$ cat work_27.pdb   # PDB, C-alpha atoms
MODEL        1
ATOM      1  CA  MET A 123      62.607 -44.271   9.847
ATOM      2  CA  LYS A 124      62.392 -41.023   7.973
ATOM      3  CA  LYS A 125      59.137 -39.076   8.197
ATOM      4  CA  ASN A 126      57.322 -38.368   4.928
ATOM      5  CA  ILE A 127      56.877 -34.602   4.643
ATOM      6  CA  GLY A 128      54.736 -33.133   1.871
ATOM      7  CA  ILE A 129      55.470 -29.521   0.922
ATOM      8  CA  ALA A 130      52.172 -27.997  -0.255
ATOM      9  CA  MET A 131      52.680 -25.071  -2.631
ATOM     10  CA  GLY A 132      50.897 -23.200  -5.412
ATOM     11  CA  GLY A 133      47.277 -22.472  -4.626
ATOM     12  CA  TYR A 134      44.432 -20.858  -6.530
ATOM     13  CA  SER A 135      45.174 -17.148  -6.117
ATOM     14  CA  SER A 136      47.342 -14.547  -7.854
ATOM     15  CA  GLU A 137      50.083 -15.490  -5.375
ATOM     16  CA  TYR A 138      50.602 -19.031  -6.692
ATOM     17  CA  GLN A 139      53.931 -18.289  -8.405
ATOM     18  CA  ILE A 140      55.309 -16.750  -5.203
ATOM     19  CA  SER A 141      54.101 -19.805  -3.287
ATOM     20  CA  LEU A 142      55.888 -22.167  -5.693
ATOM     21  CA  LYS A 143      59.137 -20.308  -4.951
ATOM     22  CA  SER A 144      58.548 -20.483  -1.191
ATOM     23  CA  GLY A 145      57.775 -24.186  -1.380
ATOM     24  CA  GLN A 146      60.858 -24.929  -3.432
ATOM     25  CA  VAL A 147      63.051 -23.179  -0.855
ATOM     26  CA  VAL A 148      61.493 -25.301   1.902
ATOM     27  CA  CYS A 149      62.213 -28.455  -0.133
ATOM     28  CA  GLU A 150      65.839 -27.417  -0.561
ATOM     29  CA  HIS A 151      66.471 -26.671   3.121
ATOM     30  CA  LEU A 152      64.599 -29.343   5.066
ATOM     31  CA  ASN A 153      66.954 -31.996   6.443
ATOM     32  CA  LYS A 154      66.944 -34.822   3.885
ATOM     33  CA  GLU A 155      68.694 -37.170   6.295
ATOM     34  CA  LYS A 156      65.726 -36.837   8.631
ATOM     35  CA  TYR A 157      62.802 -36.428   6.213
ATOM     36  CA  GLU A 158      61.621 -37.758   2.867
ATOM     37  CA  ILE A 159      60.644 -34.603   0.979
ATOM     38  CA  TYR A 160      57.712 -34.562  -1.453
ATOM     39  CA  PRO A 161      56.840 -31.362  -3.383
ATOM     40  CA  LEU A 162      53.049 -31.113  -3.701
ATOM     41  CA  HIS A 163      51.597 -28.750  -6.312
ATOM     42  CA  ILE A 164      48.059 -27.806  -5.291
ATOM     43  CA  LEU A 165      46.683 -25.959  -8.325
ATOM     44  CA  ARG A 166      43.221 -25.258  -9.705
ATOM     45  CA  ASP A 167      43.574 -27.747 -12.524
ATOM     46  CA  LYS A 168      45.553 -30.456 -10.724
ATOM     47  CA  TRP A 169      46.860 -31.762  -7.416
ATOM     48  CA  VAL A 170      50.138 -33.576  -8.058
ATOM     49  CA  CYS A 171      53.217 -34.823  -6.250
ATOM     50  CA  ILE A 172      56.513 -34.275  -8.066
ATOM     51  CA  ILE A 173      58.900 -37.261  -7.772
ATOM     52  CA  ASP A 174      62.085 -37.230  -9.878
ATOM     53  CA  GLY A 175      60.504 -34.733 -12.246
ATOM     54  CA  THR A 176      57.383 -36.829 -12.819
ATOM     55  CA  GLU A 177      53.876 -35.809 -11.721
ATOM     56  CA  TYR A 178      51.833 -38.307  -9.704
ATOM     57  CA  PRO A 179      48.183 -37.445  -8.936
ATOM     58  CA  ILE A 180      47.218 -36.839  -5.311
ATOM     59  CA  ASN A 181      44.191 -38.816  -4.169
ATOM     60  CA  ARG A 182      41.875 -36.098  -2.842
ATOM     61  CA  GLY A 183      39.931 -38.633  -0.790
ATOM     62  CA  ASP A 184      42.775 -39.444   1.584
ATOM     63  CA  PHE A 185      45.659 -37.199   0.413
ATOM     64  CA  THR A 186      47.898 -40.090  -0.598
ATOM     65  CA  VAL A 187      50.024 -40.684  -3.696
ATOM     66  CA  THR A 188      50.490 -43.976  -5.529
ATOM     67  CA  LYS A 189      53.834 -44.736  -7.214
ATOM     68  CA  ASP A 190      54.793 -48.136  -8.616
ATOM     69  CA  ASN A 191      51.708 -49.654  -6.950
ATOM     70  CA  LYS A 192      52.876 -48.398  -3.547
ATOM     71  CA  THR A 193      50.899 -45.880  -1.524
ATOM     72  CA  ILE A 194      52.740 -42.900  -0.049
ATOM     73  CA  THR A 195      51.165 -41.364   3.051
ATOM     74  CA  PHE A 196      52.321 -38.173   4.702
ATOM     75  CA  ASP A 197      53.320 -37.783   8.341
ATOM     76  CA  CYS A 198      53.095 -33.986   8.072
ATOM     77  CA  ILE A 199      52.279 -31.330   5.497
ATOM     78  CA  PHE A 200      54.426 -28.201   5.355
ATOM     79  CA  ASN A 201      51.931 -25.576   4.211
ATOM     80  CA  ALA A 202      53.615 -23.024   1.913
ATOM     81  CA  ILE A 203      50.482 -21.955   0.015
ATOM     82  CA  HIS A 204      49.964 -18.189   0.046
ATOM     83  CA  GLY A 205      46.320 -17.215  -0.390
ATOM     84  CA  THR A 206      43.521 -19.705  -1.005
ATOM     85  CA  PRO A 207      43.236 -22.612  -0.231
ATOM     86  CA  GLY A 208      46.301 -22.721   2.042
ATOM     87  CA  GLU A 209      46.044 -19.485   3.989
ATOM     88  CA  ASP A 210      42.268 -19.121   4.364
ATOM     89  CA  GLY A 211      41.453 -22.292   6.305
ATOM     90  CA  HIS A 212      40.306 -24.603   3.515
ATOM     91  CA  LEU A 213      43.417 -26.782   3.472
ATOM     92  CA  GLN A 214      43.646 -26.729   7.274
ATOM     93  CA  GLY A 215      40.092 -28.020   7.645
ATOM     94  CA  TYR A 216      40.647 -30.700   5.013
ATOM     95  CA  LEU A 217      43.856 -31.943   6.649
ATOM     96  CA  ALA A 218      42.260 -31.855  10.093
ATOM     97  CA  MET A 219      39.443 -34.126   8.897
ATOM     98  CA  LEU A 220      42.063 -36.548   7.569
ATOM     99  CA  ASN A 221      44.026 -36.275  10.848
ATOM    100  CA  ILE A 222      47.189 -35.171   9.021
ATOM    101  CA  PRO A 223      49.448 -32.761  10.978
ATOM    102  CA  HIS A 224      50.418 -29.520   9.239
ATOM    103  CA  THR A 225      52.718 -26.601   9.968
ATOM    104  CA  SER A 226      50.161 -23.786   9.729
ATOM    105  CA  CYS A 227      47.577 -22.479  12.190
ATOM    106  CA  PRO A 228      44.187 -24.219  12.661
ATOM    107  CA  MET A 229      41.274 -23.711  10.268
ATOM    108  CA  TYR A 230      39.424 -21.018  12.252
ATOM    109  CA  GLN A 231      42.520 -18.894  12.864
ATOM    110  CA  ALA A 232      43.473 -19.151   9.195
ATOM    111  CA  ALA A 233      40.034 -18.023   8.033
ATOM    112  CA  LEU A 234      39.922 -15.193  10.558
ATOM    113  CA  THR A 235      43.381 -13.780   9.892
ATOM    114  CA  PHE A 236      42.921 -14.020   6.121
ATOM    115  CA  ASN A 237      39.864 -11.769   6.437
ATOM    116  CA  LYS A 238      41.367  -8.362   7.235
ATOM    117  CA  ARG A 239      38.189  -6.680   8.454
ATOM    118  CA  ASP A 240      37.106  -9.619  10.641
ATOM    119  CA  LEU A 241      40.575  -9.850  12.181
ATOM    120  CA  LEU A 242      40.693  -6.147  13.043
ATOM    121  CA  ALA A 243      37.144  -6.245  14.444
ATOM    122  CA  THR A 244      38.007  -9.284  16.603
ATOM    123  CA  LEU A 245      41.115  -7.643  18.046
ATOM    124  CA  LYS A 246      39.601  -4.206  18.680
ATOM    125  CA  PRO A 247      38.094  -5.130  22.099
ATOM    126  CA  PHE A 248      41.602  -6.168  23.192
ATOM    127  CA  GLY A 249      42.898  -2.642  22.610
ATOM    128  CA  ILE A 250      44.623  -3.359  19.288
ATOM    129  CA  LYS A 251      44.489  -0.131  17.281
ATOM    130  CA  SER A 252      43.894   0.014  13.530
ATOM    131  CA  ALA A 253      43.025   2.567  10.841
ATOM    132  CA  VAL A 254      39.526   3.997  10.395
ATOM    133  CA  SER A 255      37.842   1.767   7.826
ATOM    134  CA  PHE A 256      34.843   1.451   5.507
ATOM    135  CA  TYR A 257      33.512  -1.886   4.250
ATOM    136  CA  LEU A 258      32.035  -2.594   0.850
ATOM    137  CA  ASN A 259      30.793  -5.797  -0.771
ATOM    138  CA  LYS A 260      30.440  -6.580  -4.460
ATOM    139  CA  GLY A 261      27.107  -5.329  -5.793
ATOM    140  CA  GLN A 262      26.609  -2.640  -3.162
ATOM    141  CA  ASP A 263      26.095   0.981  -4.185
ATOM    142  CA  ILE A 264      29.293   3.017  -4.069
ATOM    143  CA  ASP A 265      28.817   6.333  -2.273
ATOM    144  CA  THR A 266      32.174   8.015  -2.779
ATOM    145  CA  LYS A 267      31.239  11.084  -0.722
ATOM    146  CA  LEU A 268      30.282   8.912   2.251
ATOM    147  CA  ILE A 269      33.512   6.948   1.951
ATOM    148  CA  CYS A 270      35.601  10.119   1.903
ATOM    149  CA  GLN A 271      33.715  11.494   4.909
ATOM    150  CA  LYS A 272      34.434   8.301   6.848
ATOM    151  CA  VAL A 273      38.089   7.586   6.012
ATOM    152  CA  GLY A 274      39.366  10.839   4.475
ATOM    153  CA  LEU A 275      41.892  11.245   1.680
ATOM    154  CA  PRO A 276      44.319   9.840   0.809
ATOM    155  CA  CYS A 277      43.035   6.358   1.621
ATOM    156  CA  PHE A 278      43.784   2.750   0.739
ATOM    157  CA  VAL A 279      41.365   0.523  -1.143
ATOM    158  CA  LYS A 280      42.136  -3.148  -0.526
ATOM    159  CA  ALA A 281      40.811  -6.545  -1.437
ATOM    160  CA  ASN A 282      39.701  -7.874   1.945
ATOM    161  CA  LYS A 283      40.959 -11.427   1.397
ATOM    162  CA  ALA A 284      44.126 -11.254  -0.697
ATOM    163  CA  GLY A 285      47.857 -11.000  -0.136
ATOM    164  CA  SER A 286      51.069  -9.719  -1.726
ATOM    165  CA  SER A 287      49.406  -6.304  -2.211
ATOM    166  CA  PHE A 288      47.254  -7.621  -5.059
ATOM    167  CA  GLY A 289      44.152  -5.442  -5.393
ATOM    168  CA  VAL A 290      45.542  -2.526  -3.343
ATOM    169  CA  THR A 291      45.409   1.109  -4.501
ATOM    170  CA  LYS A 292      46.308   4.328  -2.746
ATOM    171  CA  VAL A 293      43.648   6.905  -3.645
ATOM    172  CA  TYR A 294      44.187  10.677  -3.481
ATOM    173  CA  LYS A 295      41.022  11.987  -5.135
ATOM    174  CA  GLU A 296      37.361  11.058  -4.752
ATOM    175  CA  GLU A 297      36.936  10.561  -8.501
ATOM    176  CA  ALA A 298      39.574   7.802  -8.441
ATOM    177  CA  LEU A 299      37.731   5.711  -5.844
ATOM    178  CA  LYS A 300      35.465   3.757  -8.194
ATOM    179  CA  GLN A 301      38.349   2.634 -10.402
ATOM    180  CA  ALA A 302      40.333   1.549  -7.343
ATOM    181  CA  ILE A 303      37.344  -0.438  -6.077
ATOM    182  CA  GLU A 304      37.059  -2.190  -9.445
ATOM    183  CA  VAL A 305      40.729  -3.191  -9.192
ATOM    184  CA  SER A 306      40.114  -4.699  -5.748
ATOM    185  CA  LEU A 307      36.983  -6.516  -6.888
ATOM    186  CA  LYS A 308      39.083  -8.439  -9.402
ATOM    187  CA  GLU A 309      40.768 -10.121  -6.416
ATOM    188  CA  ASP A 310      37.885 -10.429  -3.950
ATOM    189  CA  ASP A 311      34.165  -9.730  -3.552
ATOM    190  CA  GLU A 312      34.769  -7.888  -0.267
ATOM    191  CA  ILE A 313      36.548  -4.542  -0.010
ATOM    192  CA  ILE A 314      38.094  -2.701   2.918
ATOM    193  CA  ILE A 315      38.860   1.003   2.530
ATOM    194  CA  GLU A 316      41.173   2.432   5.175
ATOM    195  CA  SER A 317      42.391   5.858   6.223
ATOM    196  CA  PHE A 318      46.011   6.673   5.410
ATOM    197  CA  LEU A 319      48.354   6.238   8.365
ATOM    198  CA  ASP A 320      51.450   8.411   8.029
ATOM    199  CA  GLY A 321      54.337   6.840   9.900
ATOM    200  CA  THR A 322      56.993   4.132  10.046
ATOM    201  CA  GLU A 323      55.916   0.720   8.755
ATOM    202  CA  VAL A 324      57.295  -2.386  10.434
ATOM    203  CA  SER A 325      56.806  -6.124  10.077
ATOM    204  CA  VAL A 326      56.898  -8.377  13.137
ATOM    205  CA  GLY A 327      57.404 -12.128  12.866
ATOM    206  CA  VAL A 328      56.174 -14.420  15.628
ATOM    207  CA  ILE A 329      56.737 -18.168  15.651
ATOM    208  CA  ARG A 330      56.426 -21.070  18.038
ATOM    209  CA  TYR A 331      60.049 -22.120  18.415
ATOM    210  CA  GLN A 332      61.097 -25.103  20.526
ATOM    211  CA  GLY A 333      57.743 -24.992  22.295
ATOM    212  CA  GLN A 334      57.826 -21.275  23.136
ATOM    213  CA  VAL A 335      56.240 -18.246  21.454
ATOM    214  CA  LYS A 336      59.131 -16.202  20.061
ATOM    215  CA  VAL A 337      59.088 -12.686  18.585
ATOM    216  CA  LEU A 338      61.729 -12.291  15.886
ATOM    217  CA  PRO A 339      63.795  -9.133  15.240
ATOM    218  CA  ILE A 340      61.611  -6.425  13.720
ATOM    219  CA  THR A 341      61.898  -5.294  10.101
ATOM    220  CA  GLU A 342      61.393  -1.700   8.979
ATOM    221  CA  ILE A 343      59.824  -1.299   5.545
ATOM    222  CA  VAL A 344      60.996   1.636   3.404
ATOM    223  CA  SER A 345      59.307   1.547   0.004
ATOM    224  CA  GLU A 346      60.667   3.392  -3.026
ATOM    225  CA  ASN A 347      57.091   3.437  -4.335
ATOM    226  CA  ASP A 348      54.082   5.215  -2.873
ATOM    227  CA  PHE A 349      53.463   2.276  -0.535
ATOM    228  CA  PHE A 350      54.649  -1.328   0.049
ATOM    229  CA  ASP A 351      53.108  -2.668  -3.173
ATOM    230  CA  TYR A 352      53.909  -5.764  -5.252
ATOM    231  CA  GLN A 353      56.949  -4.145  -6.900
ATOM    232  CA  ALA A 354      58.279  -3.042  -3.530
ATOM    233  CA  LYS A 355      57.799  -6.530  -2.080
ATOM    234  CA  TYR A 356      59.108  -8.668  -4.917
ATOM    235  CA  GLU A 357      60.977  -6.531  -7.420
ATOM    236  CA  GLY A 358      63.468  -4.769  -5.182
ATOM    237  CA  LYS A 359      61.639  -1.455  -4.903
ATOM    238  CA  SER A 360      62.057  -1.271  -1.143
ATOM    239  CA  GLN A 361      64.493  -1.485   1.713
ATOM    240  CA  GLU A 362      63.775  -4.079   4.380
ATOM    241  CA  ILE A 363      65.898  -3.105   7.351
ATOM    242  CA  THR A 364      66.335  -5.624  10.169
ATOM    243  CA  PRO A 365      66.499  -4.701  12.979
ATOM    244  CA  ALA A 366      64.208  -1.712  12.443
ATOM    245  CA  ARG A 367      65.555   1.765  13.155
ATOM    246  CA  ILE A 368      63.079   2.457  15.946
ATOM    247  CA  SER A 369      63.536   3.202  19.630
ATOM    248  CA  GLU A 370      63.845   0.499  22.262
ATOM    249  CA  GLN A 371      60.481   1.551  23.685
ATOM    250  CA  MET A 372      58.794   1.253  20.273
ATOM    251  CA  THR A 373      60.470  -2.134  19.746
ATOM    252  CA  ASN A 374      59.260  -3.426  23.093
ATOM    253  CA  THR A 375      55.730  -2.082  22.544
ATOM    254  CA  VAL A 376      55.185  -3.591  19.090
ATOM    255  CA  SER A 377      56.859  -6.873  20.096
ATOM    256  CA  GLU A 378      54.540  -7.202  23.088
ATOM    257  CA  ILE A 379      51.474  -6.408  20.964
ATOM    258  CA  ALA A 380      52.457  -8.879  18.225
ATOM    259  CA  LYS A 381      53.037 -11.629  20.788
ATOM    260  CA  ASN A 382      49.775 -10.733  22.512
ATOM    261  CA  ILE A 383      47.868 -11.036  19.217
ATOM    262  CA  TYR A 384      49.465 -14.452  18.558
ATOM    263  CA  GLU A 385      48.388 -15.668  21.995
ATOM    264  CA  ILE A 386      44.905 -14.061  21.933
ATOM    265  CA  LEU A 387      44.185 -15.918  18.696
ATOM    266  CA  ASN A 388      45.754 -19.159  19.988
ATOM    267  CA  MET A 389      47.954 -19.256  16.911
ATOM    268  CA  GLN A 390      50.283 -21.985  15.727
ATOM    269  CA  GLY A 391      53.008 -21.912  13.092
ATOM    270  CA  PHE A 392      54.304 -18.715  11.508
ATOM    271  CA  SER A 393      52.772 -15.268  11.690
ATOM    272  CA  ARG A 394      53.984 -11.945  10.320
ATOM    273  CA  SER A 395      52.026  -8.879  11.371
ATOM    274  CA  GLU A 396      52.301  -5.484   9.703
ATOM    275  CA  PHE A 397      52.088  -2.272  11.744
ATOM    276  CA  ILE A 398      52.459   1.459  11.161
ATOM    277  CA  PHE A 399      53.697   3.656  13.997
ATOM    278  CA  VAL A 400      51.676   6.859  14.377
ATOM    279  CA  ASP A 401      52.873   9.210  17.128
ATOM    280  CA  GLY A 402      54.961   6.387  18.571
ATOM    281  CA  TYR A 403      52.153   3.828  18.758
ATOM    282  CA  PRO A 404      51.711   0.816  16.418
ATOM    283  CA  TYR A 405      48.497   0.417  14.412
ATOM    284  CA  LEU A 406      47.839  -3.075  13.032
ATOM    285  CA  LEU A 407      47.329  -3.406   9.280
ATOM    286  CA  GLU A 408      47.073  -7.174   8.841
ATOM    287  CA  MET A 409      48.477 -10.569   9.793
ATOM    288  CA  ASN A 410      49.981 -13.112   7.385
ATOM    289  CA  THR A 411      50.024 -16.753   8.482
ATOM    290  CA  ILE A 412      51.814 -18.155   5.404
ATOM    291  CA  PRO A 413      54.458 -15.464   4.825
ATOM    292  CA  GLY A 414      57.066 -15.622   2.072
ATOM    293  CA  LEU A 415      59.711 -18.244   2.825
ATOM    294  CA  THR A 416      62.517 -17.553   0.360
ATOM    295  CA  ALA A 417      65.891 -16.458   1.733
ATOM    296  CA  GLU A 418      65.059 -12.889   0.668
ATOM    297  CA  SER A 419      61.622 -12.887   2.344
ATOM    298  CA  ILE A 420      61.056 -10.888   5.500
ATOM    299  CA  LEU A 421      60.418 -13.642   8.051
ATOM    300  CA  PRO A 422      63.464 -15.734   7.030
ATOM    301  CA  GLN A 423      65.573 -12.555   7.209
ATOM    302  CA  GLN A 424      64.289 -11.982  10.734
ATOM    303  CA  ALA A 425      64.999 -15.587  11.694
ATOM    304  CA  GLU A 426      68.564 -15.266  10.415
ATOM    305  CA  LYS A 427      69.086 -12.182  12.598
ATOM    306  CA  ALA A 428      67.849 -14.263  15.538
ATOM    307  CA  GLY A 429      70.424 -16.944  14.709
ATOM    308  CA  ILE A 430      67.903 -19.378  13.207
ATOM    309  CA  SER A 431      68.893 -20.892   9.857
ATOM    310  CA  LEU A 432      66.358 -21.785   7.177
ATOM    311  CA  ALA A 433      66.924 -25.486   7.893
ATOM    312  CA  ASP A 434      66.258 -24.889  11.586
ATOM    313  CA  LEU A 435      63.263 -22.602  10.917
ATOM    314  CA  PHE A 436      61.569 -25.130   8.634
ATOM    315  CA  GLY A 437      62.575 -28.194  10.627
ATOM    316  CA  ASN A 438      61.284 -26.652  13.835
ATOM    317  CA  ALA A 439      57.938 -25.949  12.135
ATOM    318  CA  VAL A 440      57.651 -29.631  11.173
ATOM    319  CA  GLU A 441      58.606 -30.866  14.634
ATOM    320  CA  GLU A 442      56.145 -28.469  16.326
ATOM    321  CA  ALA A 443      53.401 -29.731  14.015
ATOM    322  CA  LEU A 444      54.206 -33.392  14.692
ATOM    323  CA  LYS A 445      53.938 -32.988  18.452
ATOM    324  CA  MET A 446      50.855 -30.750  18.387
ATOM    325  CA  GLU A 447      47.589 -32.309  19.502
ATOM    326  CA  ARG A 448      45.088 -30.606  17.257
ATOM    327  CA  LYS A 449      41.433 -30.415  18.174
ATOM    328  CA  PHE A 450      39.118 -30.225  15.194
TER     329      PHE A 450
ENDMDL
END

$ encode --input "work_27.pdb" --output "structure tokens"
Amino acid sequence: MKKNIGIAMGGYSSEYQISLKSGQVVCEHLNKEKYEIYPLHILRDKWVCIIDGTEYPINRGDFTVTKDNKTITFDCIFNAIHGTPGEDGHLQGYLAMLNIPHTSCPMYQAALTFNKRDLLATLKPFGIKSAVSFYLNKGQDIDTKLICQKVGLPCFVKANKAGSSFGVTKVYKEEALKQAIEVSLKEDDEIIIESFLDGTEVSVGVIRYQGQVKVLPITEIVSENDFFDYQAKYEGKSQEITPARISEQMTNTVSEIAKNIYEILNMQGFSRSEFIFVDGYPYLLEMNTIPGLTAESILPQQAEKAGISLADLFGNAVEEALKMERKF
């Protein structure tokens, strides 16, 4: 019998449109001879399953769908939700309580990796280097002089829990800090302000493939804009070069660190970690656990270079989830 696979997409954040595209690509490429595919739109105003163009409500009590008086249950959920509630642990915890397998990492790892400053603080004792940073919460006094003394200029002001470069500003002058902080606060109530790292930016995908942790070919990011912002990511204002034009030693070093991070955190599913090389050494910026999944997205590009098709990439994620014994 075919397994029922629900493809969760959408979400509650500014990234929901990107997530809908990722989810649709997953629906198109999963093996329909092996799986029954159900697109699931998880949105603020509705949770629905799309069947033949018609919306059917999802029962939030048990995550089932009723069609023609028949109840559809799901053998596995493919999590393609960027941002909350799919990338921050909420969906993972919910599915774990219902004992429904899913393709993403467990709840704790999702919450930790989604929180940039907590992730970097957790990894620091393991020797993982990152930029000098300053933390700020909504409602706190903003001491721009103190911030500049700590992180220097230019610096990056970021929403602590957001993706796709929403709420990120590169700041060159102290007087521009408050405006940049206001931009970030529109996305999140926690802010991280980081020193500028001048070097080569790379993205490293790590997946669990056929039971083994696998580092994918590395991508070099060359933005036409001042940094790898939303336009650079999604509107063609960047070059994404795979494999990256870095030395073999640099490749080996960042691959080992990315794999080490995946294993330290006891990760499952996809991860894509961003680094900047400074004086030949990689500094971690962040980790994404629900990266973009369209054919043009970075991790699928990396998989293709490794000889893994989209159908294989997505199917493997489902099969890994189905055999995983998760401990809540």

$ closest_residue --input "work_27.pdb" --among "A:Cys277, A:Glu346, A:Glu362, A:Ile314" --to "Ala298 (chain A)" --atoms "all atoms listed in the file"
A:Cys277

$ atom_distance --input "work_27.pdb" --atom1 "CA of Gly208 (chain A)" --atom2 "CA of Asp434 (chain A)"
22.2 Å

$ residues_around --input "work_27.pdb" --residues "region 139-143 of chain A" --least-positions-apart "4" --cutoff "9 Å" --atoms "only C-alpha atoms" --output "PyMOL selection string"
chain A and resi 130-133+147-148+163+202-205+286+356+414-416

$ closest_residue --input "work_27.pdb" --among "A:Lys246, A:Arg166, A:Lys445, A:Lys124" --to "Gly333 (chain A)" --atoms "only C-alpha atoms"
A:Lys445

$ closest_residue --input "work_27.pdb" --among "A:Leu152, A:Leu432, A:Ile180, A:Ile222" --to "Leu165 (chain A)" --atoms "only C-alpha atoms"
A:Ile180

$ resolve_selection --input "work_27.pdb" --expression "the PyMOL selection byres ((chain A and resi 265-274) around 9)" --output "ChimeraX atom specification"
/A:253-256,263-264,275-277,296-297,299-300,315-318

$ atom_distance --input "work_27.pdb" --atom1 "CA of Val187 (chain A)" --atom2 "CA of Glu150 (chain A)"
20.9 Å

$ closest_residue --input "work_27.pdb" --among "A:Phe185, A:Tyr134, A:Tyr230, A:Phe236" --to "Glu209 (chain A)" --atoms "only C-alpha atoms"
A:Phe236

$ resolve_selection --input "work_27.pdb" --expression "the PyMOL selection byres ((chain A and resi 289) around 7)" --output "PDB file with C-alpha atoms, in the coordinates of the input"
ATOM      1  CA  LYS A 280      42.136  -3.148  -0.526  1.00  0.00           C
ATOM      2  CA  ALA A 281      40.811  -6.545  -1.437  1.00  0.00           C
ATOM      3  CA  SER A 287      49.406  -6.304  -2.211  1.00  0.00           C
ATOM      4  CA  PHE A 288      47.254  -7.621  -5.059  1.00  0.00           C
ATOM      5  CA  VAL A 290      45.542  -2.526  -3.343  1.00  0.00           C
ATOM      6  CA  THR A 291      45.409   1.109  -4.501  1.00  0.00           C
ATOM      7  CA  VAL A 305      40.729  -3.191  -9.192  1.00  0.00           C
ATOM      8  CA  SER A 306      40.114  -4.699  -5.748  1.00  0.00           C
ATOM      9  CA  GLU A 309      40.768 -10.121  -6.416  1.00  0.00           C
TER      10      GLU A 309
END

$ residues_around --input "work_27.pdb" --residues "Ile343 (chain A)" --least-positions-apart "3" --cutoff "9 Å" --atoms "all atoms listed in the file" --output "list in words"
Thr322, Glu323, Val324, Ser325, Phe350, Ser360, Gln361, Glu362, Ile363 and Ala366 of chain A

$ closest_residue --input "work_27.pdb" --among "A:Lys189, A:Arg239, A:Arg394, A:Lys154" --to "Ile420 (chain A)" --atoms "only C-alpha atoms"
A:Arg394

$ atom_distance --input "work_27.pdb" --atom1 "CA of Gly211 (chain A)" --atom2 "CA of Ile127 (chain A)"
19.8 Å

$ closest_residue --input "work_27.pdb" --among "A:Gly145, A:Val170, A:Phe278, A:Asp320" --to "Asp401 (chain A)" --atoms "only C-alpha atoms"
A:Asp320

$ resolve_selection --input "work_27.pdb" --expression "the PyMOL selection byres ((chain A and resi 411) around 12)" --output "PyMOL selection string"
chain A and resi 201-206+208-211+214+225-229+231-237+285+326-329+384+387+389-396+408-410+412-415+421

$ build_atoms --input "work_27.pdb" --residues "region 437-441 of chain A" --atoms "all heavy atoms" --output "mmCIF file, in the coordinates of the input"
data_model
loop_
_atom_site.group_PDB
_atom_site.id
_atom_site.type_symbol
_atom_site.label_atom_id
_atom_site.label_comp_id
_atom_site.auth_asym_id
_atom_site.auth_seq_id
_atom_site.Cartn_x
_atom_site.Cartn_y
_atom_site.Cartn_z
ATOM 1 N N GLY A 437 62.598 -26.951 9.864
ATOM 2 C CA GLY A 437 62.575 -28.194 10.627
ATOM 3 C C GLY A 437 61.819 -28.046 11.934
ATOM 4 O O GLY A 437 61.069 -28.950 12.341
ATOM 5 N N ASN A 438 62.005 -26.915 12.600
ATOM 6 C CA ASN A 438 61.284 -26.652 13.835
ATOM 7 C C ASN A 438 59.775 -26.623 13.587
ATOM 8 O O ASN A 438 58.992 -27.147 14.391
ATOM 9 C CB ASN A 438 61.738 -25.323 14.437
ATOM 10 C CG ASN A 438 60.946 -24.932 15.671
ATOM 11 O OD1 ASN A 438 61.175 -25.435 16.769
ATOM 12 N ND2 ASN A 438 59.988 -24.025 15.500
ATOM 13 N N ALA A 439 59.366 -26.008 12.464
ATOM 14 C CA ALA A 439 57.938 -25.949 12.135
ATOM 15 C C ALA A 439 57.353 -27.352 11.983
ATOM 16 O O ALA A 439 56.242 -27.638 12.465
ATOM 17 C CB ALA A 439 57.724 -25.143 10.857
ATOM 18 N N VAL A 440 58.102 -28.250 11.344
ATOM 19 C CA VAL A 440 57.651 -29.631 11.173
ATOM 20 C C VAL A 440 57.558 -30.335 12.528
ATOM 21 O O VAL A 440 56.554 -30.997 12.845
ATOM 22 C CB VAL A 440 58.589 -30.399 10.223
ATOM 23 C CG1 VAL A 440 58.283 -31.895 10.244
ATOM 24 C CG2 VAL A 440 58.475 -29.848 8.808
ATOM 25 N N GLU A 441 58.592 -30.185 13.340
ATOM 26 C CA GLU A 441 58.606 -30.866 14.634
ATOM 27 C C GLU A 441 57.504 -30.343 15.555
ATOM 28 O O GLU A 441 56.879 -31.120 16.295
ATOM 29 C CB GLU A 441 59.980 -30.716 15.300
ATOM 30 C CG GLU A 441 61.100 -31.451 14.570
ATOM 31 C CD GLU A 441 60.816 -32.937 14.403
ATOM 32 O OE1 GLU A 441 60.390 -33.581 15.386
ATOM 33 O OE2 GLU A 441 61.000 -33.447 13.278
#
